[in-house]
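Next comes entry-v3.cif, a file with mmCIF, C-alpha atoms.
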data_input
loop_
_atom_site.label_atom_id
_atom_site.label_comp_id
_atom_site.auth_asym_id
_atom_site.auth_seq_id
_atom_site.Cartn_x
_atom_site.Cartn_y
_atom_site.Cartn_z
CA ARG Z 1131 3.06 9.06 -48.43
CA ALA Z 1132 6.05 9.31 -46.09
CA ALA Z 1133 7.82 6.46 -47.88
CA GLU Z 1134 7.70 8.48 -51.10
CA VAL Z 1135 9.50 11.46 -49.58
CA ARG Z 1136 13.04 11.76 -50.86
CA GLY Z 1137 15.58 10.84 -48.20
CA ALA Z 1138 13.01 9.30 -45.85
CA ARG Z 1139 13.16 5.88 -44.20
CA ILE Z 1140 10.34 3.94 -42.57
CA ARG Z 1141 11.32 2.14 -39.39
CA ARG Z 1142 9.09 -0.51 -37.85
CA ALA Z 1143 8.97 -2.38 -34.58
CA GLY Z 1144 6.50 -4.30 -32.48
CA GLY Z 1145 5.39 -2.15 -29.56
CA PRO Z 1146 4.22 -3.20 -26.08
CA ASP Z 1147 0.65 -2.17 -26.95
CA TRP Z 1148 -2.20 -4.40 -28.10
CA ARG Z 1149 -5.65 -4.05 -29.60
CA HIS Z 1150 -8.62 -6.01 -28.27
CA LEU Z 1151 -12.38 -6.37 -27.88
CA THR Z 1152 -13.77 -6.24 -24.34
CA PHE Z 1153 -17.05 -8.06 -23.62
CA ASN Z 1154 -19.19 -6.83 -20.73
CA ALA Z 1155 -19.88 -9.90 -18.59
CA ALA Z 1156 -22.32 -7.89 -16.47
CA ALA Z 1157 -24.65 -7.43 -19.45
CA PRO Z 1158 -27.60 -9.87 -19.28
CA ALA Z 1159 -26.86 -11.53 -22.61
CA LEU Z 1160 -23.16 -11.99 -21.76
CA ALA Z 1161 -23.37 -13.16 -18.16
CA ASP Z 1162 -23.18 -16.82 -19.26
CA VAL Z 1163 -19.55 -17.76 -19.95
CA ARG Z 1164 -20.76 -20.17 -22.65
CA VAL Z 1165 -22.11 -17.23 -24.63
CA ARG Z 1166 -18.85 -15.31 -24.29
CA ARG Z 1167 -16.81 -18.33 -25.35
CA ALA Z 1168 -19.10 -18.83 -28.32
CA LEU Z 1169 -18.60 -15.23 -29.40
CA PHE Z 1170 -14.81 -15.61 -29.12
CA MET Z 1171 -14.95 -18.57 -31.52
CA ALA Z 1172 -17.39 -16.81 -33.84
CA VAL Z 1173 -15.06 -13.83 -34.38
CA ASP Z 1174 -12.53 -14.56 -37.10
CA ARG Z 1175 -9.69 -12.49 -35.70
CA GLU Z 1176 -7.55 -12.90 -38.79
CA VAL Z 1177 -10.13 -11.00 -40.83
CA ILE Z 1178 -10.03 -8.04 -38.42
CA VAL Z 1179 -6.25 -8.11 -38.08
CA ARG Z 1180 -5.70 -8.15 -41.84
CA SER Z 1181 -8.06 -5.19 -42.21
CA ASP Z 1182 -6.48 -3.11 -39.43
CA LEU Z 1183 -2.86 -3.76 -40.42
CA ALA Z 1184 -3.23 -3.53 -44.19
CA GLY Z 1185 -0.33 -1.68 -45.74
CA LEU Z 1186 1.68 -1.27 -42.54
CA GLY Z 1187 4.31 -3.86 -43.37
CA ARG Z 1188 3.61 -6.06 -40.34
CA PRO Z 1189 2.49 -9.69 -40.47
CA PRO Z 1190 -1.26 -9.92 -39.73
CA ARG Z 1191 -0.86 -12.32 -36.82
CA PRO Z 1192 -3.55 -12.51 -34.09
CA LEU Z 1193 -2.25 -12.16 -30.54
CA GLY Z 1194 -2.55 -15.23 -28.32
CA ASN Z 1195 -1.72 -13.76 -24.92
CA HIS Z 1196 -3.09 -11.11 -22.55
CA PHE Z 1197 0.20 -10.29 -20.81
CA TYR Z 1198 2.94 -10.76 -23.39
CA VAL Z 1199 3.04 -9.43 -26.93
CA ASP Z 1200 4.58 -11.68 -29.55
CA THR Z 1201 7.96 -9.95 -29.85
CA GLN Z 1202 8.51 -10.26 -26.09
CA ALA Z 1203 10.48 -12.94 -24.25
CA GLY Z 1204 8.01 -15.25 -22.51
CA TYR Z 1205 5.30 -14.97 -25.16
CA GLN Z 1206 3.31 -18.06 -26.04
CA ASP Z 1207 -0.11 -18.58 -27.57
CA ASP Z 1208 -2.38 -19.68 -24.72
CA SER Z 1209 -5.66 -19.18 -26.56
CA GLY Z 1210 -6.48 -22.81 -27.34
CA GLU Z 1211 -9.76 -23.30 -29.15
CA LEU Z 1212 -11.03 -19.87 -28.04
CA GLY Z 1213 -8.46 -18.15 -30.22
CA HIS Z 1214 -9.50 -19.93 -33.40
CA TYR Z 1215 -12.46 -19.44 -35.69
CA HIS Z 1216 -14.97 -22.22 -34.98
CA PRO Z 1217 -18.44 -21.00 -36.00
CA ASP Z 1218 -19.98 -24.49 -35.78
CA ARG Z 1219 -18.71 -24.97 -32.24
CA ALA Z 1220 -19.88 -21.46 -31.39
CA GLY Z 1221 -23.38 -22.29 -32.63
CA ARG Z 1222 -23.52 -25.42 -30.48
CA LEU Z 1223 -22.47 -23.48 -27.38
CA LEU Z 1224 -25.18 -20.92 -28.00
CA ASP Z 1225 -27.70 -23.75 -28.35
CA GLU Z 1226 -26.52 -25.19 -25.02
CA ALA Z 1227 -26.96 -21.77 -23.41
CA GLY Z 1228 -30.59 -21.70 -24.61
CA TRP Z 1229 -30.17 -19.16 -27.40
CA LEU Z 1230 -31.93 -20.94 -30.26
CA ARG Z 1231 -31.99 -19.73 -33.81
CA HIS Z 1232 -35.28 -18.52 -35.25
CA GLY Z 1233 -34.69 -17.21 -38.74
CA ALA Z 1234 -31.76 -14.82 -38.98
CA TYR Z 1235 -31.15 -14.43 -35.24
CA ARG Z 1236 -31.23 -16.31 -31.97
CA ALA Z 1237 -33.65 -15.71 -29.16
CA LYS Z 1238 -34.29 -16.88 -25.59
CA ASP Z 1239 -37.41 -16.30 -23.51
CA GLY Z 1240 -38.74 -14.06 -26.26
CA ARG Z 1241 -35.62 -11.84 -26.33
CA THR Z 1242 -33.34 -11.54 -29.37
CA LEU Z 1243 -29.62 -12.04 -28.82
CA ALA Z 1244 -28.59 -8.49 -29.76
CA LEU Z 1245 -25.39 -6.78 -28.64
CA ARG Z 1246 -24.37 -3.11 -28.59
CA PHE Z 1247 -20.93 -2.56 -30.12
CA VAL Z 1248 -19.93 0.89 -28.88
CA VAL Z 1249 -17.38 2.79 -30.99
CA PRO Z 1250 -15.89 6.29 -30.72
CA SER Z 1251 -17.30 8.35 -33.55
CA GLY Z 1252 -14.80 9.49 -36.12
CA VAL Z 1253 -12.36 6.62 -35.45
CA ALA Z 1254 -12.42 4.69 -38.70
CA ALA Z 1255 -10.59 1.62 -37.36
CA SER Z 1256 -13.10 1.13 -34.55
CA ARG Z 1257 -16.04 1.48 -36.93
CA ARG Z 1258 -14.45 -1.04 -39.29
CA GLU Z 1259 -13.91 -3.49 -36.42
CA GLY Z 1260 -17.56 -3.11 -35.49
CA GLU Z 1261 -18.75 -3.75 -39.03
CA LEU Z 1262 -16.58 -6.85 -39.40
CA THR Z 1263 -17.71 -8.17 -36.02
CA ARG Z 1264 -21.34 -7.55 -36.97
CA ALA Z 1265 -20.94 -9.54 -40.20
CA LEU Z 1266 -19.11 -12.41 -38.47
CA LEU Z 1267 -21.55 -12.76 -35.58
CA ALA Z 1268 -24.54 -12.59 -37.91
CA ARG Z 1269 -23.33 -15.91 -39.34
CA VAL Z 1270 -24.05 -17.61 -36.01
CA GLY Z 1271 -27.32 -15.76 -35.42
CA VAL Z 1272 -26.15 -12.91 -33.19
CA ARG Z 1273 -27.29 -9.37 -33.98
CA VAL Z 1274 -24.78 -6.58 -33.45
CA ASP Z 1275 -25.89 -2.94 -33.35
CA ILE Z 1276 -23.05 -0.45 -33.84
CA VAL Z 1277 -23.44 2.55 -31.52
CA PRO Z 1278 -21.19 5.55 -32.33
CA VAL Z 1279 -20.56 7.82 -29.35
CA PRO Z 1280 -18.52 11.02 -28.88
CA THR Z 1281 -14.86 10.08 -28.49
CA ASP Z 1282 -14.46 12.21 -25.35
CA ASP Z 1283 -17.40 10.39 -23.72
CA LEU Z 1284 -16.30 6.84 -24.54
CA PHE Z 1285 -14.79 5.94 -21.17
CA ASP Z 1286 -16.58 8.27 -18.77
CA GLN Z 1287 -20.09 7.55 -20.02
CA TYR Z 1288 -19.83 4.11 -21.61
CA VAL Z 1289 -16.82 1.94 -20.77
CA THR Z 1290 -16.32 2.75 -17.09
CA PRO Z 1291 -20.03 2.58 -16.09
CA GLY Z 1292 -20.53 -0.59 -18.19
CA ASN Z 1293 -22.87 0.98 -20.74
CA PHE Z 1294 -21.87 -1.38 -23.58
CA ASP Z 1295 -21.82 -5.02 -24.63
CA ILE Z 1296 -18.66 -4.98 -26.78
CA VAL Z 1297 -16.08 -2.20 -27.09
CA PRO Z 1298 -12.75 -2.01 -28.96
CA PHE Z 1299 -9.72 -0.13 -27.70
CA SER Z 1300 -6.01 -0.64 -27.00
CA TRP Z 1301 -4.07 -1.35 -23.84
CA LEU Z 1302 -0.78 0.54 -23.64
CA GLY Z 1303 1.76 -1.81 -22.12
CA THR Z 1304 5.27 -1.63 -20.74
CA ALA Z 1305 8.24 -3.97 -20.59
CA PHE Z 1306 6.71 -5.41 -17.39
CA PRO Z 1307 4.18 -7.98 -18.62
CA LEU Z 1308 1.82 -8.46 -15.70
CA SER Z 1309 1.92 -5.76 -13.01
CA PRO Z 1310 0.39 -2.95 -15.16
CA LEU Z 1311 -2.39 -5.31 -16.29
CA ARG Z 1312 -3.35 -6.88 -12.96
CA SER Z 1313 -6.07 -4.26 -12.49
CA VAL Z 1314 -7.59 -5.26 -15.86
CA PHE Z 1315 -8.19 -8.88 -14.86
CA ALA Z 1316 -8.53 -8.74 -11.06
CA ARG Z 1317 -11.93 -9.80 -9.75
CA PRO Z 1318 -14.16 -6.76 -9.09
CA GLN Z 1319 -15.10 -6.05 -5.48
CA GLY Z 1320 -18.61 -4.68 -5.74
CA GLU Z 1321 -18.48 -1.40 -7.63
CA HIS Z 1322 -14.70 -1.24 -7.27
CA ILE Z 1323 -13.71 -2.64 -10.64
CA GLN Z 1324 -10.30 -0.92 -11.09
CA GLN Z 1325 -9.75 -1.28 -14.88
CA ASN Z 1326 -11.69 -4.52 -15.21
CA TYR Z 1327 -14.29 -3.10 -17.57
CA ALA Z 1328 -15.49 -6.62 -18.41
CA ARG Z 1329 -16.61 -6.93 -14.76
CA ALA Z 1330 -15.68 -10.59 -14.37
CA GLY Z 1331 -12.86 -12.51 -12.78
CA SER Z 1332 -12.11 -15.23 -10.26
CA ALA Z 1333 -10.14 -15.92 -7.11
CA GLU Z 1334 -8.09 -18.41 -9.11
CA ILE Z 1335 -7.01 -15.73 -11.60
CA ASP Z 1336 -6.13 -13.32 -8.76
CA THR Z 1337 -4.04 -15.96 -7.00
CA ALA Z 1338 -2.24 -16.91 -10.21
CA MET Z 1339 -1.40 -13.27 -10.99
CA ASP Z 1340 -0.18 -12.57 -7.44
CA ARG Z 1341 2.06 -15.63 -7.44
CA ALA Z 1342 3.57 -14.54 -10.76
CA ILE Z 1343 4.19 -10.98 -9.57
CA ALA Z 1344 5.89 -12.25 -6.37
CA GLU Z 1345 8.19 -14.67 -8.22
CA VAL Z 1346 11.79 -13.47 -8.59
CA ASP Z 1347 13.07 -16.25 -10.84
CA THR Z 1348 12.52 -15.08 -14.44
CA ALA Z 1349 11.86 -18.49 -15.99
CA ARG Z 1350 9.42 -19.48 -13.27
CA ALA Z 1351 7.71 -16.09 -13.40
CA ARG Z 1352 7.10 -16.53 -17.13
CA ARG Z 1353 5.51 -19.93 -16.55
CA LEU Z 1354 3.26 -18.50 -13.84
CA ILE Z 1355 2.25 -15.54 -16.01
CA ASN Z 1356 1.25 -17.88 -18.81
CA ARG Z 1357 -0.70 -20.02 -16.35
CA ALA Z 1358 -2.63 -16.90 -15.34
CA ASP Z 1359 -3.13 -16.10 -19.02
CA ARG Z 1360 -4.72 -19.50 -19.71
CA LEU Z 1361 -7.21 -18.82 -16.91
CA VAL Z 1362 -8.01 -15.39 -18.35
CA TRP Z 1363 -8.69 -16.96 -21.75
CA ARG Z 1364 -11.18 -19.38 -20.18
CA GLU Z 1365 -13.03 -16.44 -18.60
CA ALA Z 1366 -13.60 -15.11 -22.15
CA THR Z 1367 -13.96 -11.41 -21.42
CA VAL Z 1368 -11.10 -9.74 -23.33
CA LEU Z 1369 -10.38 -10.96 -26.86
CA PRO Z 1370 -6.87 -9.91 -27.96
CA LEU Z 1371 -6.62 -8.90 -31.61
CA TYR Z 1372 -3.00 -7.99 -32.37
CA GLN Z 1373 0.18 -6.36 -31.17
CA ARG Z 1374 0.14 -2.76 -32.34
CA PRO Z 1375 3.03 -1.87 -34.63
CA GLN Z 1376 5.22 1.17 -34.27
CA VAL Z 1377 5.80 2.78 -37.68
CA VAL Z 1378 7.97 5.90 -37.74
CA ALA Z 1379 9.26 7.95 -40.68
CA VAL Z 1380 12.70 9.51 -40.21
CA ARG Z 1381 15.42 11.13 -42.30
CA ALA Z 1382 17.68 8.46 -43.74
CA GLY Z 1383 20.79 9.72 -41.98
CA LEU Z 1384 19.32 9.76 -38.49
CA ALA Z 1385 20.85 7.05 -36.31
CA ASN Z 1386 19.46 5.24 -33.26
CA LEU Z 1387 15.99 6.75 -33.25
CA GLY Z 1388 12.68 5.72 -34.79
CA ALA Z 1389 10.48 2.77 -33.93
CA CYS Z 1390 12.07 1.59 -30.69
CA GLY Z 1391 9.71 -1.19 -29.58
CA PHE Z 1392 10.90 -2.30 -26.14
CA TRP Z 1393 14.28 -0.61 -26.56
CA GLU Z 1394 14.94 2.58 -24.62
CA PRO Z 1395 17.19 4.85 -26.73
CA ALA Z 1396 20.32 6.37 -25.26
CA PHE Z 1397 20.00 10.04 -26.19
CA GLU Z 1398 23.75 10.55 -26.41
CA ASP Z 1399 23.81 7.97 -29.23
CA ILE Z 1400 21.19 9.76 -31.36
CA GLY Z 1401 22.42 11.88 -34.19
CA PHE Z 1402 23.04 12.21 -37.90
CA ILE Z 1403 25.57 10.04 -39.67
CA GLY Z 1404 28.24 12.16 -41.32
CA ARG Z 1405 29.36 11.57 -44.89
CA SER Z 1406 32.83 10.13 -45.31
#
Would you put the structure from the file into C-alpha cells?
Amino acid sequence: RAAEVRGARIRRAGGPDWRHLTFNAAAPALADVRVRRALFMAVDREVIVRSDLAGLGRPPRPLGNHFYVDTQAGYQDDSGELGHYHPDRAGRLLDEAGWLRHGAYRAKDGRTLALRFVVPSGVAASRREGELTRALLARVGVRVDIVPVPTDDLFDQYVTPGNFDIVPFSWLGTAFPLSPLRSVFARPQGEHIQQNYARAGSAEIDTAMDRAIAEVDTARARRLINRADRLVWREATVLPLYQRPQVVAVRAGLANLGACGFWEPAFEDIGFIGRS
C-alpha cells in the first residue's frame, strides 16, 4: 500500500536481526541430539523463508550462521548437512534414536513423538511457521501440536521456564557479532540459563566463543567466531531461518534516512533535497 502512495519510496536493507526456531533440549523427546539433528534436516527452511518474506522484495535465502547475518563481513554458511532438507537422512536418524514409525507417527516405549510448537496468539507469521513446520515434520512421522498462548505470556510463562518443545521468535542483533549472543549459546549452569532457552551447550562452545571475543585481530576473530558457529550447529538447538529485512517507506525527497541496516545515520546529513 505504501508503494502506491504518490511521492513515496520504499527503501530496503538487511538488518542485524534474524528469525529462528529454538528447540528445547531439556524436553524428554528432544534430549537426544540425534533427534534434534533429524528435525533440523526435516524442516525445509526455504519453504518457511519464502512464506515469511513473500512480497517484501528480499531474496528468500535461509541463514547459515548464528553470529553473522549474510550482509555482514565475516558471514559464511556453516550449516553443513544440518542446514539442508534431507528427510530421508532425518528418518534414519530417528530410527537410530529408537523412534520407529507405526502408521502416521513414530513412537518409542509406547510414547508418540509429539512436540508442542508454542506461538504467540494473534501473530500470523508465527502461526504460519507452526503450520508449515507441522506439515514438514509429519512427513517424517513427527506430530506437531500448535499451542497458541497470550503474547504477553510467551516469555515469562513459556520460553524462560522451558514450557515448550519448539518456539519461533527473533534475535535482535548489533554490529558486534558474538558478544551480545554469548548468553544465548553458553552452557547453562543449573537453573542459571541466561538467554539459553534451548538449555544445552558445551564447554567446547564456551571456550570457542571466549577465544573469539578475546581476539583483537579482525581476520582471526572472524575465523574463531565461525569455528564457534560450526560447534553450535552440531548442537542442533537453534535453527536459523533468515535475516530479517528492514523495509521503510519515506517521502521521495528525503535523503540519508530509511532502511539503514548496519549503517548509523549522521543526523546532520538528513534532510529534504531541494529542487534546482
Residues matched by the PyMOL selection byres ((chain Z and resi 1325) around 7) as a PDB file with C-alpha atoms, in the coordinates of the input:
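Full text of expr_17.pdb as output:
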ATOM      1  CA  SER Z1313      -6.070  -4.260 -12.490  1.00  0.00           C
ATOM      2  CA  VAL Z1314      -7.590  -5.260 -15.860  1.00  0.00           C
ATOM      3  CA  ILE Z1323     -13.710  -2.640 -10.640  1.00  0.00           C
ATOM      4  CA  GLN Z1324     -10.300  -0.920 -11.090  1.00  0.00           C
ATOM      5  CA  ASN Z1326     -11.690  -4.520 -15.210  1.00  0.00           C
ATOM      6  CA  TYR Z1327     -14.290  -3.100 -17.570  1.00  0.00           C
TER       7      TYR Z1327
END
Return as a Markdown table the residues of range 1223-1341 of chain Z lying at most 9 Å from range 1356-1378 of chain Z, together with the closest atom-to-atom pair for each and the distance in Å to one decimal, counting only C-alpha atoms, with rows in chain order and ascending residue number.
| residue | atom | partner | partner_atom | distance |
| --- | --- | --- | --- | --- |
| Z:Ser1300 | CA | Z:Arg1374 | CA | 8.4 |
| Z:Phe1315 | CA | Z:Val1362 | CA | 7.4 |
| Z:Ala1328 | CA | Z:Thr1367 | CA | 5.9 |
| Z:Arg1329 | CA | Z:Thr1367 | CA | 8.5 |
| Z:Ala1330 | CA | Z:Thr1367 | CA | 7.3 |
| Z:Gly1331 | CA | Z:Glu1365 | CA | 7.0 |
| Z:Ser1332 | CA | Z:Glu1365 | CA | 8.5 |
| Z:Glu1334 | CA | Z:Leu1361 | CA | 7.9 |
| Z:Ile1335 | CA | Z:Ala1358 | CA | 5.9 |
| Z:Asp1336 | CA | Z:Ala1358 | CA | 8.3 |
| Z:Thr1337 | CA | Z:Ala1358 | CA | 8.5 |
| Z:Ala1338 | CA | Z:Ala1358 | CA | 5.1 |
| Z:Met1339 | CA | Z:Ala1358 | CA | 5.8 |
Check what the PyMOL selection byres ((chain Z and resi 1142) around 10) selects in the file above and give those residues as a list in words.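 When the PyMOL selection byres ((chain Z and resi 1142) around 10) is applied to the shown file, the picked residues are Arg1139, Ile1140, Arg1141, Ala1143, Gly1144, Gly1145, Leu1186, Gly1187, Arg1188, Pro1375, Gln1376, Val1377, Val1378, Ala1379, Gly1388, Ala1389, Cys1390 and Gly1391 of chain Z.
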Generate a file of the selected residues that holds C-alpha atoms, formatted as a PDB file, in the frame of the given file.
ATOM      1  CA  ARG Z1139      13.160   5.880 -44.200  1.00  0.00           C
ATOM      2  CA  ILE Z1140      10.340   3.940 -42.570  1.00  0.00           C
ATOM      3  CA  ARG Z1141      11.320   2.140 -39.390  1.00  0.00           C
ATOM      4  CA  ALA Z1143       8.970  -2.380 -34.580  1.00  0.00           C
ATOM      5  CA  GLY Z1144       6.500  -4.300 -32.480  1.00  0.00           C
ATOM      6  CA  GLY Z1145       5.390  -2.150 -29.560  1.00  0.00           C
ATOM      7  CA  LEU Z1186       1.680  -1.270 -42.540  1.00  0.00           C
ATOM      8  CA  GLY Z1187       4.310  -3.860 -43.370  1.00  0.00           C
ATOM      9  CA  ARG Z1188       3.610  -6.060 -40.340  1.00  0.00           C
ATOM     10  CA  PRO Z1375       3.030  -1.870 -34.630  1.00  0.00           C
ATOM     11  CA  GLN Z1376       5.220   1.170 -34.270  1.00  0.00           C
ATOM     12  CA  VAL Z1377       5.800   2.780 -37.680  1.00  0.00           C
ATOM     13  CA  VAL Z1378       7.970   5.900 -37.740  1.00  0.00           C
ATOM     14  CA  ALA Z1379       9.260   7.950 -40.680  1.00  0.00           C
ATOM     15  CA  GLY Z1388      12.680   5.720 -34.790  1.00  0.00           C
ATOM     16  CA  ALA Z1389      10.480   2.770 -33.930  1.00  0.00           C
ATOM     17  CA  CYS Z1390      12.070   1.590 -30.690  1.00  0.00           C
ATOM     18  CA  GLY Z1391       9.710  -1.190 -29.580  1.00  0.00           C
TER      19      GLY Z1391
END
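The nearest approach to Arg1317 in chain Z among the residues Z:Ala1132, Z:Ala1155, Z:Pro1217, Z:Ala1255, with all atoms listed in the file taken into account, belongs to Z:Ala1155.
With distances taken over all atoms listed in the file, Z:Ile1355 is the one residue among Z:Ile1355, Z:Ala1237, Z:Val1179, Z:Ala1133 lying closest to Ala1342 in chain Z.
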If you measure from CA of Gly1383 in chain Z to CA of Pro1189 in chain Z, what distance in Å do you get, rounded to one decimal?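 CA of Pro1189 in chain Z lies 26.7 Å from CA of Gly1383 in chain Z.
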Return as a PyMOL selection string the set of residues that the PyMOL selection byres ((chain Z and resi 1260) around 10) yields on the displayed structure. chain Z and resi 1151+1178+1246-1249+1254-1259+1261-1266+1274-1278+1296-1298
Near Ala1138 in chain Z, counting all atoms listed in the file, which residues have an atom at most 6 Å away, once you skip same-chain residues fewer than 4 positions from it, shown as a PyMOL selection string? chain Z and resi 1380-1382
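Our summary of the geometry notes that CA of Pro1190 in chain Z is positioned 23.4 Å from CA of Ala1220 in chain Z.
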Given 5 Å of margin on each side, can you work out the centre and size in Å (one decimal) of an axis-aligned box holding every listed atom of range 1163-1168 of chain Z, as AutoDock Vina command-line options?
--center_x -19.5 --center_y -17.7 --center_z -24.1 --size_x 15.3 --size_y 14.9 --size_z 18.4
Select, from Z:Asp1147, Z:Glu1345, Z:Asp1295, Z:Asp1340, the residue with the minimum atom-to-atom distance to Gln1202 in chain Z, counting only C-alpha atoms. Z:Asp1147
Give as an NGL selection string every residue, naming chains and numbers as the document does, that has an atom within 12 Å of (-24.8, -23.1, -28.5), counting all atoms listed in the file. :Z and (1162-1169 or 1171-1172 or 1216-1231 or 1236-1238 or 1270-1272)
Quick one, how far is CA of Thr1201 in chain Z from CA of Leu1384 in chain Z? 24.3 Å
Which residue gives the smallest distance to Asp1174 in chain Z among Z:Arg1269, Z:Arg1241, Z:Arg1352, Z:His1196, with only C-alpha atoms counted?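 Going through Z:Arg1269, Z:Arg1241, Z:Arg1352, Z:His1196 one by one, the smallest distance to Asp1174 in chain Z is for Z:Arg1269.
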Nearest to Leu1284 in chain Z by atom-to-atom distance, counting all atoms listed in the file, from Z:Ser1209, Z:Ser1251, Z:Thr1304, Z:Thr1348: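 With all atoms listed in the file as the atom set, the closest residue is Z:Ser1251.
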With N, CA, C and O atoms as the goal, would you fill in the gaps in range 1163-1175 of chain Z and present it as a PDB file, in the coordinates of the input?
ATOM      1  N   VAL Z1163     -20.866 -17.608 -19.338  1.00  0.00           N
ATOM      2  CA  VAL Z1163     -19.550 -17.760 -19.950  1.00  0.00           C
ATOM      3  C   VAL Z1163     -19.625 -18.549 -21.250  1.00  0.00           C
ATOM      4  O   VAL Z1163     -18.795 -18.364 -22.153  1.00  0.00           O
ATOM      5  N   ARG Z1164     -20.623 -19.416 -21.403  1.00  0.00           N
ATOM      6  CA  ARG Z1164     -20.760 -20.170 -22.650  1.00  0.00           C
ATOM      7  C   ARG Z1164     -21.049 -19.243 -23.821  1.00  0.00           C
ATOM      8  O   ARG Z1164     -20.558 -19.468 -24.932  1.00  0.00           O
ATOM      9  N   VAL Z1165     -21.818 -18.206 -23.566  1.00  0.00           N
ATOM     10  CA  VAL Z1165     -22.110 -17.230 -24.630  1.00  0.00           C
ATOM     11  C   VAL Z1165     -20.841 -16.486 -25.004  1.00  0.00           C
ATOM     12  O   VAL Z1165     -20.529 -16.312 -26.181  1.00  0.00           O
ATOM     13  N   ARG Z1166     -20.078 -16.055 -24.000  1.00  0.00           N
ATOM     14  CA  ARG Z1166     -18.850 -15.310 -24.290  1.00  0.00           C
ATOM     15  C   ARG Z1166     -17.848 -16.194 -25.046  1.00  0.00           C
ATOM     16  O   ARG Z1166     -17.196 -15.740 -25.996  1.00  0.00           O
ATOM     17  N   ARG Z1167     -17.725 -17.433 -24.645  1.00  0.00           N
ATOM     18  CA  ARG Z1167     -16.810 -18.330 -25.350  1.00  0.00           C
ATOM     19  C   ARG Z1167     -17.276 -18.567 -26.787  1.00  0.00           C
ATOM     20  O   ARG Z1167     -16.465 -18.641 -27.710  1.00  0.00           O
ATOM     21  N   ALA Z1168     -18.567 -18.660 -26.969  1.00  0.00           N
ATOM     22  CA  ALA Z1168     -19.100 -18.830 -28.320  1.00  0.00           C
ATOM     23  C   ALA Z1168     -18.761 -17.630 -29.190  1.00  0.00           C
ATOM     24  O   ALA Z1168     -18.358 -17.775 -30.352  1.00  0.00           O
ATOM     25  N   LEU Z1169     -18.893 -16.430 -28.630  1.00  0.00           N
ATOM     26  CA  LEU Z1169     -18.600 -15.230 -29.400  1.00  0.00           C
ATOM     27  C   LEU Z1169     -17.109 -15.159 -29.754  1.00  0.00           C
ATOM     28  O   LEU Z1169     -16.745 -14.722 -30.848  1.00  0.00           O
ATOM     29  N   PHE Z1170     -16.245 -15.579 -28.822  1.00  0.00           N
ATOM     30  CA  PHE Z1170     -14.810 -15.610 -29.120  1.00  0.00           C
ATOM     31  C   PHE Z1170     -14.558 -16.470 -30.362  1.00  0.00           C
ATOM     32  O   PHE Z1170     -13.799 -16.093 -31.258  1.00  0.00           O
ATOM     33  N   MET Z1171     -15.195 -17.646 -30.414  1.00  0.00           N
ATOM     34  CA  MET Z1171     -14.950 -18.570 -31.520  1.00  0.00           C
ATOM     35  C   MET Z1171     -15.678 -18.157 -32.790  1.00  0.00           C
ATOM     36  O   MET Z1171     -15.350 -18.644 -33.878  1.00  0.00           O
ATOM     37  N   ALA Z1172     -16.655 -17.267 -32.669  1.00  0.00           N
ATOM     38  CA  ALA Z1172     -17.390 -16.810 -33.840  1.00  0.00           C
ATOM     39  C   ALA Z1172     -16.746 -15.595 -34.499  1.00  0.00           C
ATOM     40  O   ALA Z1172     -17.138 -15.218 -35.609  1.00  0.00           O
ATOM     41  N   VAL Z1173     -15.780 -14.983 -33.811  1.00  0.00           N
ATOM     42  CA  VAL Z1173     -15.060 -13.830 -34.380  1.00  0.00           C
ATOM     43  C   VAL Z1173     -13.793 -14.345 -35.057  1.00  0.00           C
ATOM     44  O   VAL Z1173     -12.905 -14.888 -34.399  1.00  0.00           O
ATOM     45  N   ASP Z1174     -13.730 -14.179 -36.347  1.00  0.00           N
ATOM     46  CA  ASP Z1174     -12.530 -14.560 -37.100  1.00  0.00           C
ATOM     47  C   ASP Z1174     -11.517 -13.424 -36.949  1.00  0.00           C
ATOM     48  O   ASP Z1174     -11.554 -12.427 -37.675  1.00  0.00           O
ATOM     49  N   ARG Z1175     -10.626 -13.578 -36.004  1.00  0.00           N
ATOM     50  CA  ARG Z1175      -9.690 -12.490 -35.700  1.00  0.00           C
ATOM     51  C   ARG Z1175      -8.781 -12.163 -36.870  1.00  0.00           C
ATOM     52  O   ARG Z1175      -8.372 -11.018 -37.049  1.00  0.00           O
TER      53      ARG Z1175
END
